[in-house]
Amino acid sequence: MVKISVLQHAPSAHLPTRPGDPTPTSRNLDPLMHPFARARERIRALNAAKMDRIFAKPFIASLEGHIDAVEVLCRKPGTVNTIASGSWDGGVIVHNIAERKHSHQVQGAHKGKVSGLCFADGNRLLSCGVDSNIKLWDVSPQDEVSQQKPLNVFAGKSPFNSIDHHRSDSLFATASNIVQIWDETKSAAISNLTFPTATETVTAVRFNLAETSVLGSIGSDRSFTLYDIRTGKAERRVIMQMRSNALSWSPTFPTSVLLASEDHNLYTFDVRNLASPTNIYKAHVAAVMSCDWSPTGLEFVSGGWDRTVRIWKEGHGTNPEVYHTKRMQRVSSSIFTADARFVLSGSDDGNVRIWKAKASEKLGIITARERAAIEYRDSLKDRWKHDQEVGKISRTRHLPKPVHQASKLKRTMLEAQRVKEERRRKHTRAGASKPKAERKKIVLTEQA
């Protein structure tokens with residue numbers, strides 16, 4: 001027997017409710033609204049989401065030149081296209097990313113790896129390494145590679161792990177077994193900053209972008225410490241569950257600091273209340289090695305040992321944008337460019353890669369008509385993001401098989417841990433074992 005699909009209407013909707021009432025008529029009261037307008041808009045939103053994924057080709061170029069792992073990247077303040085990279089081979093290269101070429105190269109800048117880079121004013125670059133030296137270089141554009149002598153050498157007593165320059169003064173801070181403040185005009189450190197009970201190796205140090213006398217550092221004993229160079233001492237210190245590998249201050253919210261942790265997560269803290277993080281960002285499946293805020297303060301980039309680069313929206317702890325290539329190895333450094341349009345990553349394979357911050361963005365000249373179409377498609381995707389199909393297409397990201405398998409295993413382990421805690425609570429005396437919020441588990445103790 002053949003089934004015939006028919007349209008069914010409730011007879012009550014087309015009959016008068018009481019005897020003598022007029023027969024109801026179905027009509028569209030708004031002559032400008034088409035009866036299928038909503039359905040058509042949904043199809044357009046679906047097509048916009050599909051086009052977004054079709055044209056998502058984030059990789060732009062690879063900048064070569066290093067013969068070993070790229071350890072550190074830094075951007076030049078006040079410019080859009082100049083970045084510097086330091087490698088395990090001891091070399092420093094200044095890249096012009098617009099022209100995709102080297103504007104300056106220093107071979108053998110340090111013996112051993114270059115562990116920190118930062119620009120001083122003008123064309124001067126500070127570098128530090130595990131050879132216990134800080135060197136000041138003139139990195140004006142040059143045509144050929146030559147053996148260059150530094151403008152100044154500052155000798156330290158122990159290997160340096162990080163360096164950062166003051167926003168306006170001729171001061172810079174270094175991280176070794178202690179945090180030291182240096183003046184460009186003096187050959188020795190002008191002050192040593194340390195917490196009275198600290199015995200850690202300081203792995204990274206950064207000046208606050210707004211309150212330039214405030215300094216943040218992370219250490220190998222799982223600590224995050226705040227210093228004030230006006231008082232010359234450590235103000236506050238927190239010990240966390242696992243150690244942090246990188247920190248970055250928000251450019252738009254001065255009290256917010258981002259930490260990249262060994263436990264595969266990223267945390268944002270408000271330094272006025274360090275008892276618990278304001279947000280937890282979960283997606284990496286290995287230690288997060290680097291992080292950097294976008295100049296807009298609306299997103300940030302992270303790179304980790306799972307060989308992926310991820311771009312997060314501020315306040316959204318899951319579903320980041322994921323970038324990866326077949327040849328890219330463990331990512332040890334990642335930064336945004338000053339115009340927030342591009343992301344750069346440095347990895348163990350010795351390449352500095354340039355990515356689009358928005359994967360499907362069209363590069364080059366965009367006409368007014370194209371711009372209007374792009375904005376219309378974006379507004380459609382935003383309006384229909386809660387639709388099941390549109391949302392699924394927008395969220396889905398292809399992952400390399402090892403990363404996908406690792407994320408499945410990680411989910412299984414976390415679920416097993418949750419079940420174990422639940423059962424333990426179930427079999428203890430009522431009220432003896434209270435559940436603890438995830439954010440409350442991160443910080444073990446706070447010292448002031």
# chains A, B, ... in the order shown; residues from 1 in each chain; ligands from 1
>>> closest_atom_pairs(of="range 27-138 of chain A", to="range 282-306 of chain A", cutoff="12 Å", atoms="only C-alpha atoms", output="tab-separated table")
residue	atom	partner	partner_atom	distance
A:Glu71	CA	A:Ser290	CA	10.0
A:Val72	CA	A:Ser290	CA	9.2
A:Leu73	CA	A:Ser290	CA	10.0
A:Cys74	CA	A:Asp292	CA	10.1
A:Arg75	CA	A:Asp292	CA	11.0
A:Pro77	CA	A:Pro295	CA	11.1
A:Gly78	CA	A:Pro295	CA	11.6
A:Val80	CA	A:Pro295	CA	11.2
>>> write_last_selection(atoms="N, CA and C atoms", output="CSV table (one decimal), in the first residue's frame")
chain,number,residue,atom,x,y,z
A,71,GLU,N,62.7,29.4,20.3
A,71,GLU,CA,62.3,29.4,21.7
A,71,GLU,C,61.5,30.6,22.1
A,72,VAL,N,61.7,31.8,21.5
A,72,VAL,CA,61.1,33.0,21.9
A,72,VAL,C,60.8,33.9,20.7
A,73,LEU,N,59.6,34.6,20.8
A,73,LEU,CA,59.2,35.6,19.8
A,73,LEU,C,58.8,36.9,20.5
A,74,CYS,N,59.1,38.0,19.9
A,74,CYS,CA,58.6,39.3,20.5
A,74,CYS,C,58.3,40.3,19.4
A,75,ARG,N,57.3,41.1,19.6
A,75,ARG,CA,57.0,42.1,18.5
A,75,ARG,C,57.6,43.5,18.9
A,77,PRO,N,57.3,47.3,19.5
A,77,PRO,CA,56.3,48.3,19.9
A,77,PRO,C,56.2,49.4,18.8
A,78,GLY,N,55.0,49.7,18.5
A,78,GLY,CA,54.8,50.8,17.5
A,78,GLY,C,54.9,50.4,16.1
A,80,VAL,N,53.8,47.3,13.0
A,80,VAL,CA,52.8,46.2,12.7
A,80,VAL,C,53.6,45.0,12.1
>>> select_by_dssp(residues="range 22-119 of chain A", states="strand (DSSP E or B)", output="PyMOL selection string")
chain A and resi 59-63+70-75+82-87+92-96+101-106+114-119
>>> write_last_selection(atoms="N, CA, C and O atoms", output="CSV table (one decimal), in the first residue's frame")
chain,number,residue,atom,x,y,z
A,59,PHE,N,46.7,29.2,7.4
A,59,PHE,CA,48.2,29.3,7.3
A,59,PHE,C,48.6,30.2,6.1
A,59,PHE,O,48.0,30.1,5.0
A,60,ILE,N,49.5,31.1,6.4
A,60,ILE,CA,49.9,32.1,5.3
A,60,ILE,C,51.3,31.8,4.8
A,60,ILE,O,51.5,31.6,3.7
A,61,ALA,N,52.3,31.7,5.8
A,61,ALA,CA,53.7,31.5,5.3
A,61,ALA,C,54.5,31.0,6.5
A,61,ALA,O,54.1,31.0,7.7
A,62,SER,N,55.7,30.4,6.1
A,62,SER,CA,56.6,30.0,7.1
A,62,SER,C,57.9,30.8,6.9
A,62,SER,O,58.4,30.8,5.8
A,63,LEU,N,58.4,31.4,8.0
A,63,LEU,CA,59.6,32.2,8.0
A,63,LEU,C,60.8,31.3,8.4
A,63,LEU,O,60.8,30.9,9.6
A,70,VAL,N,62.7,27.2,17.7
A,70,VAL,CA,62.5,28.6,18.0
A,70,VAL,C,61.9,28.7,19.4
A,70,VAL,O,60.9,28.2,19.8
A,71,GLU,N,62.7,29.4,20.3
A,71,GLU,CA,62.3,29.4,21.7
A,71,GLU,C,61.5,30.6,22.1
A,71,GLU,O,60.6,30.5,23.0
A,72,VAL,N,61.7,31.8,21.5
A,72,VAL,CA,61.1,33.0,21.9
A,72,VAL,C,60.8,33.9,20.7
A,72,VAL,O,61.5,34.0,19.8
A,73,LEU,N,59.6,34.6,20.8
A,73,LEU,CA,59.2,35.6,19.8
A,73,LEU,C,58.8,36.9,20.5
A,73,LEU,O,58.3,36.9,21.7
A,74,CYS,N,59.1,38.0,19.9
A,74,CYS,CA,58.6,39.3,20.5
A,74,CYS,C,58.3,40.3,19.4
A,74,CYS,O,59.0,40.2,18.3
A,75,ARG,N,57.3,41.1,19.6
A,75,ARG,CA,57.0,42.1,18.5
A,75,ARG,C,57.6,43.5,18.9
A,75,ARG,O,57.7,43.8,20.1
A,82,THR,N,57.1,44.1,12.3
A,82,THR,CA,58.5,43.7,12.7
A,82,THR,C,58.4,42.9,14.0
A,82,THR,O,57.8,43.3,15.0
A,83,ILE,N,59.0,41.7,13.8
A,83,ILE,CA,59.0,40.8,15.0
A,83,ILE,C,60.5,40.2,15.1
A,83,ILE,O,61.1,40.1,14.0
A,84,ALA,N,60.9,39.8,16.3
A,84,ALA,CA,62.2,39.2,16.4
A,84,ALA,C,62.0,37.7,17.0
A,84,ALA,O,61.1,37.5,17.8
A,85,SER,N,62.9,36.8,16.6
A,85,SER,CA,62.8,35.5,17.1
A,85,SER,C,64.2,35.0,17.6
A,85,SER,O,65.2,35.4,17.0
A,86,GLY,N,64.2,34.2,18.6
A,86,GLY,CA,65.4,33.7,19.2
A,86,GLY,C,65.3,32.2,19.2
A,86,GLY,O,64.3,31.6,19.5
A,87,SER,N,66.5,31.5,19.0
A,87,SER,CA,66.4,30.1,18.8
A,87,SER,C,67.4,29.4,19.8
A,87,SER,O,68.3,30.0,20.4
A,92,VAL,N,69.7,35.2,16.6
A,92,VAL,CA,68.5,36.1,16.7
A,92,VAL,C,68.2,36.6,15.3
A,92,VAL,O,69.2,37.0,14.6
A,93,ILE,N,67.0,36.6,14.9
A,93,ILE,CA,66.6,37.1,13.6
A,93,ILE,C,65.4,38.1,13.7
A,93,ILE,O,64.5,37.8,14.5
A,94,VAL,N,65.5,39.2,13.1
A,94,VAL,CA,64.4,40.2,13.0
A,94,VAL,C,63.8,40.0,11.7
A,94,VAL,O,64.4,40.2,10.6
A,95,HIS,N,62.5,39.7,11.7
A,95,HIS,CA,61.7,39.4,10.5
A,95,HIS,C,60.8,40.6,10.1
A,95,HIS,O,60.3,41.3,11.0
A,96,ASN,N,60.7,40.9,8.8
A,96,ASN,CA,59.7,41.8,8.3
A,96,ASN,C,58.6,40.9,7.7
A,96,ASN,O,58.8,40.3,6.7
A,101,LYS,N,60.7,38.5,4.9
A,101,LYS,CA,62.1,38.3,4.7
A,101,LYS,C,62.8,38.8,6.0
A,101,LYS,O,62.2,39.4,6.9
A,102,HIS,N,64.1,38.5,6.1
A,102,HIS,CA,64.9,38.9,7.3
A,102,HIS,C,65.4,40.4,7.1
A,102,HIS,O,66.0,40.7,6.1
A,103,SER,N,65.0,41.2,8.1
A,103,SER,CA,65.6,42.6,8.0
A,103,SER,C,66.9,42.7,8.8
A,103,SER,O,67.7,43.6,8.5
A,104,HIS,N,67.1,41.7,9.7
A,104,HIS,CA,68.4,41.7,10.4
A,104,HIS,C,68.6,40.3,11.0
A,104,HIS,O,67.7,39.7,11.4
A,105,GLN,N,69.9,39.9,11.0
A,105,GLN,CA,70.2,38.6,11.5
A,105,GLN,C,71.5,38.6,12.3
A,105,GLN,O,72.5,39.2,11.8
A,106,VAL,N,71.5,38.0,13.5
A,106,VAL,CA,72.7,37.9,14.3
A,106,VAL,C,73.0,36.4,14.6
A,106,VAL,O,72.2,35.8,15.3
A,114,VAL,N,68.9,31.1,23.1
A,114,VAL,CA,68.4,32.5,23.5
A,114,VAL,C,67.1,32.3,24.2
A,114,VAL,O,66.1,31.7,23.7
A,115,SER,N,67.0,32.7,25.5
A,115,SER,CA,65.9,32.4,26.3
A,115,SER,C,64.9,33.6,26.4
A,115,SER,O,63.8,33.4,26.9
A,116,GLY,N,65.4,34.8,26.0
A,116,GLY,CA,64.5,36.0,26.2
A,116,GLY,C,64.9,37.1,25.2
A,116,GLY,O,66.0,37.3,24.9
A,117,LEU,N,63.8,37.8,24.7
A,117,LEU,CA,64.0,38.9,23.7
A,117,LEU,C,63.0,40.0,24.1
A,117,LEU,O,61.9,39.7,24.5
A,118,CYS,N,63.5,41.2,24.0
A,118,CYS,CA,62.5,42.4,24.0
A,118,CYS,C,63.2,43.6,23.4
A,118,CYS,O,64.4,43.7,23.4
A,119,PHE,N,62.3,44.4,22.8
A,119,PHE,CA,62.8,45.6,22.1
A,119,PHE,C,63.0,46.7,23.1
A,119,PHE,O,62.1,46.9,24.0
>>> closest_residue(among="A:Lys358, A:Lys233, A:Arg206, A:Lys420", to="Lys313 in chain A", atoms="only C-alpha atoms")
A:Lys358
>>> atom_distance(atom1="CA of Asp143 in chain A", atom2="CA of Ser162 in chain A")
29.3 Å
>>> select_by_dssp(residues="range 261-404 of chain A", states="alpha helix (DSSP H)", output="list in words")
Ala368, Arg369, Glu370, Arg371, Ala372, Ala373, Ile374, Glu375, Tyr376, Arg377, Asp378, Ser379, Leu380, Lys381, Asp382, Arg383, Gln388, Glu389, Val390, Gly391, Lys392, Ile393, Ser394, Arg395, Lys401, Pro402, Val403 and His404 of chain A
>>> write_last_selection(atoms="N, CA, C and O atoms", output="compact mmCIF listing (two decimals), in the first residue's frame")
# COMPACT_ATOMS: atom_id res chain seq x y z
N ALA A 368 33.49 47.58 -1.25
CA ALA A 368 32.40 47.90 -0.33
C ALA A 368 31.29 46.86 -0.40
O ALA A 368 30.68 46.50 0.62
N ARG A 369 31.04 46.35 -1.61
CA ARG A 369 29.99 45.34 -1.77
C ARG A 369 30.36 44.03 -1.08
O ARG A 369 29.53 43.41 -0.41
N GLU A 370 31.64 43.64 -1.24
CA GLU A 370 32.11 42.42 -0.55
C GLU A 370 32.05 42.59 0.96
O GLU A 370 31.64 41.68 1.68
N ARG A 371 32.47 43.77 1.43
CA ARG A 371 32.45 44.04 2.87
C ARG A 371 31.02 43.93 3.41
O ARG A 371 30.78 43.33 4.46
N ALA A 372 30.04 44.48 2.68
CA ALA A 372 28.63 44.40 3.12
C ALA A 372 28.16 42.96 3.17
O ALA A 372 27.47 42.55 4.12
N ALA A 373 28.56 42.15 2.16
CA ALA A 373 28.16 40.73 2.13
C ALA A 373 28.78 39.96 3.29
O ALA A 373 28.11 39.13 3.94
N ILE A 374 30.06 40.25 3.58
CA ILE A 374 30.74 39.56 4.70
C ILE A 374 30.06 39.90 6.02
O ILE A 374 29.80 39.02 6.85
N GLU A 375 29.75 41.18 6.23
CA GLU A 375 29.10 41.61 7.48
C GLU A 375 27.71 41.00 7.61
O GLU A 375 27.28 40.62 8.70
N TYR A 376 26.99 40.89 6.47
CA TYR A 376 25.65 40.29 6.49
C TYR A 376 25.74 38.82 6.87
O TYR A 376 24.97 38.33 7.72
N ARG A 377 26.71 38.10 6.30
CA ARG A 377 26.88 36.68 6.63
C ARG A 377 27.27 36.49 8.09
O ARG A 377 26.79 35.57 8.76
N ASP A 378 28.14 37.37 8.59
CA ASP A 378 28.53 37.28 10.01
C ASP A 378 27.34 37.51 10.93
O ASP A 378 27.18 36.81 11.95
N SER A 379 26.49 38.49 10.58
CA SER A 379 25.31 38.76 11.42
C SER A 379 24.33 37.59 11.37
O SER A 379 23.69 37.25 12.38
N LEU A 380 24.22 36.94 10.19
CA LEU A 380 23.35 35.76 10.08
C LEU A 380 23.85 34.64 10.97
O LEU A 380 23.07 34.00 11.70
N LYS A 381 25.18 34.38 10.92
CA LYS A 381 25.75 33.30 11.74
C LYS A 381 25.55 33.58 13.23
O LYS A 381 25.24 32.67 14.00
N ASP A 382 25.69 34.84 13.61
CA ASP A 382 25.52 35.19 15.01
C ASP A 382 24.06 35.03 15.44
O ASP A 382 23.77 34.57 16.54
N ARG A 383 23.14 35.41 14.55
CA ARG A 383 21.72 35.34 14.89
C ARG A 383 21.24 33.89 15.00
O ARG A 383 20.39 33.56 15.83
N GLN A 388 20.63 24.11 15.66
CA GLN A 388 21.43 22.90 15.83
C GLN A 388 22.44 22.70 14.69
O GLN A 388 23.63 22.47 14.93
N GLU A 389 21.96 22.79 13.46
CA GLU A 389 22.85 22.54 12.31
C GLU A 389 23.89 23.65 12.13
O GLU A 389 25.07 23.38 11.91
N VAL A 390 23.44 24.90 12.22
CA VAL A 390 24.36 26.04 12.05
C VAL A 390 25.44 26.00 13.12
O VAL A 390 26.63 26.16 12.85
N GLY A 391 25.02 25.76 14.37
CA GLY A 391 25.97 25.69 15.49
C GLY A 391 26.97 24.57 15.33
O GLY A 391 28.17 24.74 15.59
N LYS A 392 26.50 23.42 14.86
CA LYS A 392 27.39 22.26 14.71
C LYS A 392 28.46 22.53 13.65
O LYS A 392 29.65 22.24 13.85
N ILE A 393 28.04 23.13 12.51
CA ILE A 393 29.00 23.43 11.45
C ILE A 393 30.02 24.47 11.92
O ILE A 393 31.22 24.36 11.66
N SER A 394 29.55 25.48 12.65
CA SER A 394 30.45 26.55 13.13
C SER A 394 31.45 26.04 14.15
O SER A 394 32.57 26.51 14.21
N ARG A 395 31.02 25.08 14.97
CA ARG A 395 31.88 24.60 16.07
C ARG A 395 32.87 23.53 15.64
O ARG A 395 33.93 23.40 16.23
N LYS A 401 44.88 13.14 14.37
CA LYS A 401 44.43 11.93 15.06
C LYS A 401 45.04 11.78 16.46
O LYS A 401 44.32 11.47 17.42
N PRO A 402 46.37 12.00 16.64
CA PRO A 402 46.93 11.86 18.00
C PRO A 402 46.29 12.83 19.01
O PRO A 402 46.06 12.47 20.16
N VAL A 403 45.99 14.06 18.55
CA VAL A 403 45.38 15.05 19.45
C VAL A 403 43.95 14.63 19.80
O VAL A 403 43.51 14.73 20.94
N HIS A 404 43.23 14.13 18.79
CA HIS A 404 41.85 13.68 19.01
C HIS A 404 41.81 12.50 19.99
O HIS A 404 40.99 12.47 20.92
>>> residues_around(residues="Glu421 in chain A", least_positions_apart="5", cutoff="10 Å", atoms="only C-alpha atoms", output="compact mmCIF listing (two decimals) with N, CA, C and O atoms, in the first residue's frame")
# COMPACT_ATOMS: atom_id res chain seq x y z
N GLU A 415 36.53 12.01 33.76
CA GLU A 415 35.24 11.45 34.18
C GLU A 415 35.45 10.41 35.28
O GLU A 415 34.70 10.36 36.26
N ALA A 416 36.50 9.57 35.12
CA ALA A 416 36.81 8.56 36.14
C ALA A 416 37.15 9.23 37.47
O ALA A 416 36.74 8.77 38.54
N LYS A 426 30.07 9.72 48.77
CA LYS A 426 28.88 8.92 49.07
C LYS A 426 29.11 8.00 50.26
O LYS A 426 28.20 7.73 51.04
N SER A 433 32.83 15.28 53.73
CA SER A 433 33.56 15.54 52.49
C SER A 433 32.68 16.37 51.56
O SER A 433 31.78 15.83 50.91
N PRO A 435 31.90 18.78 48.27
CA PRO A 435 32.46 19.01 46.94
C PRO A 435 33.10 20.39 46.83
O PRO A 435 32.59 21.37 47.40
>>> closest_residue(among="A:Thr79, A:Ile280, A:Ile311, A:Asn245", to="Asp339 in chain A", atoms="only C-alpha atoms")
A:Thr79
>>> atom_distance(atom1="CA of Ala359 in chain A", atom2="CA of Leu247 in chain A")
25.0 Å
>>> closest_residue(among="A:Gly315, A:Asp221, A:Arg307, A:Met413", to="Arg330 in chain A", atoms="only C-alpha atoms")
A:Arg307
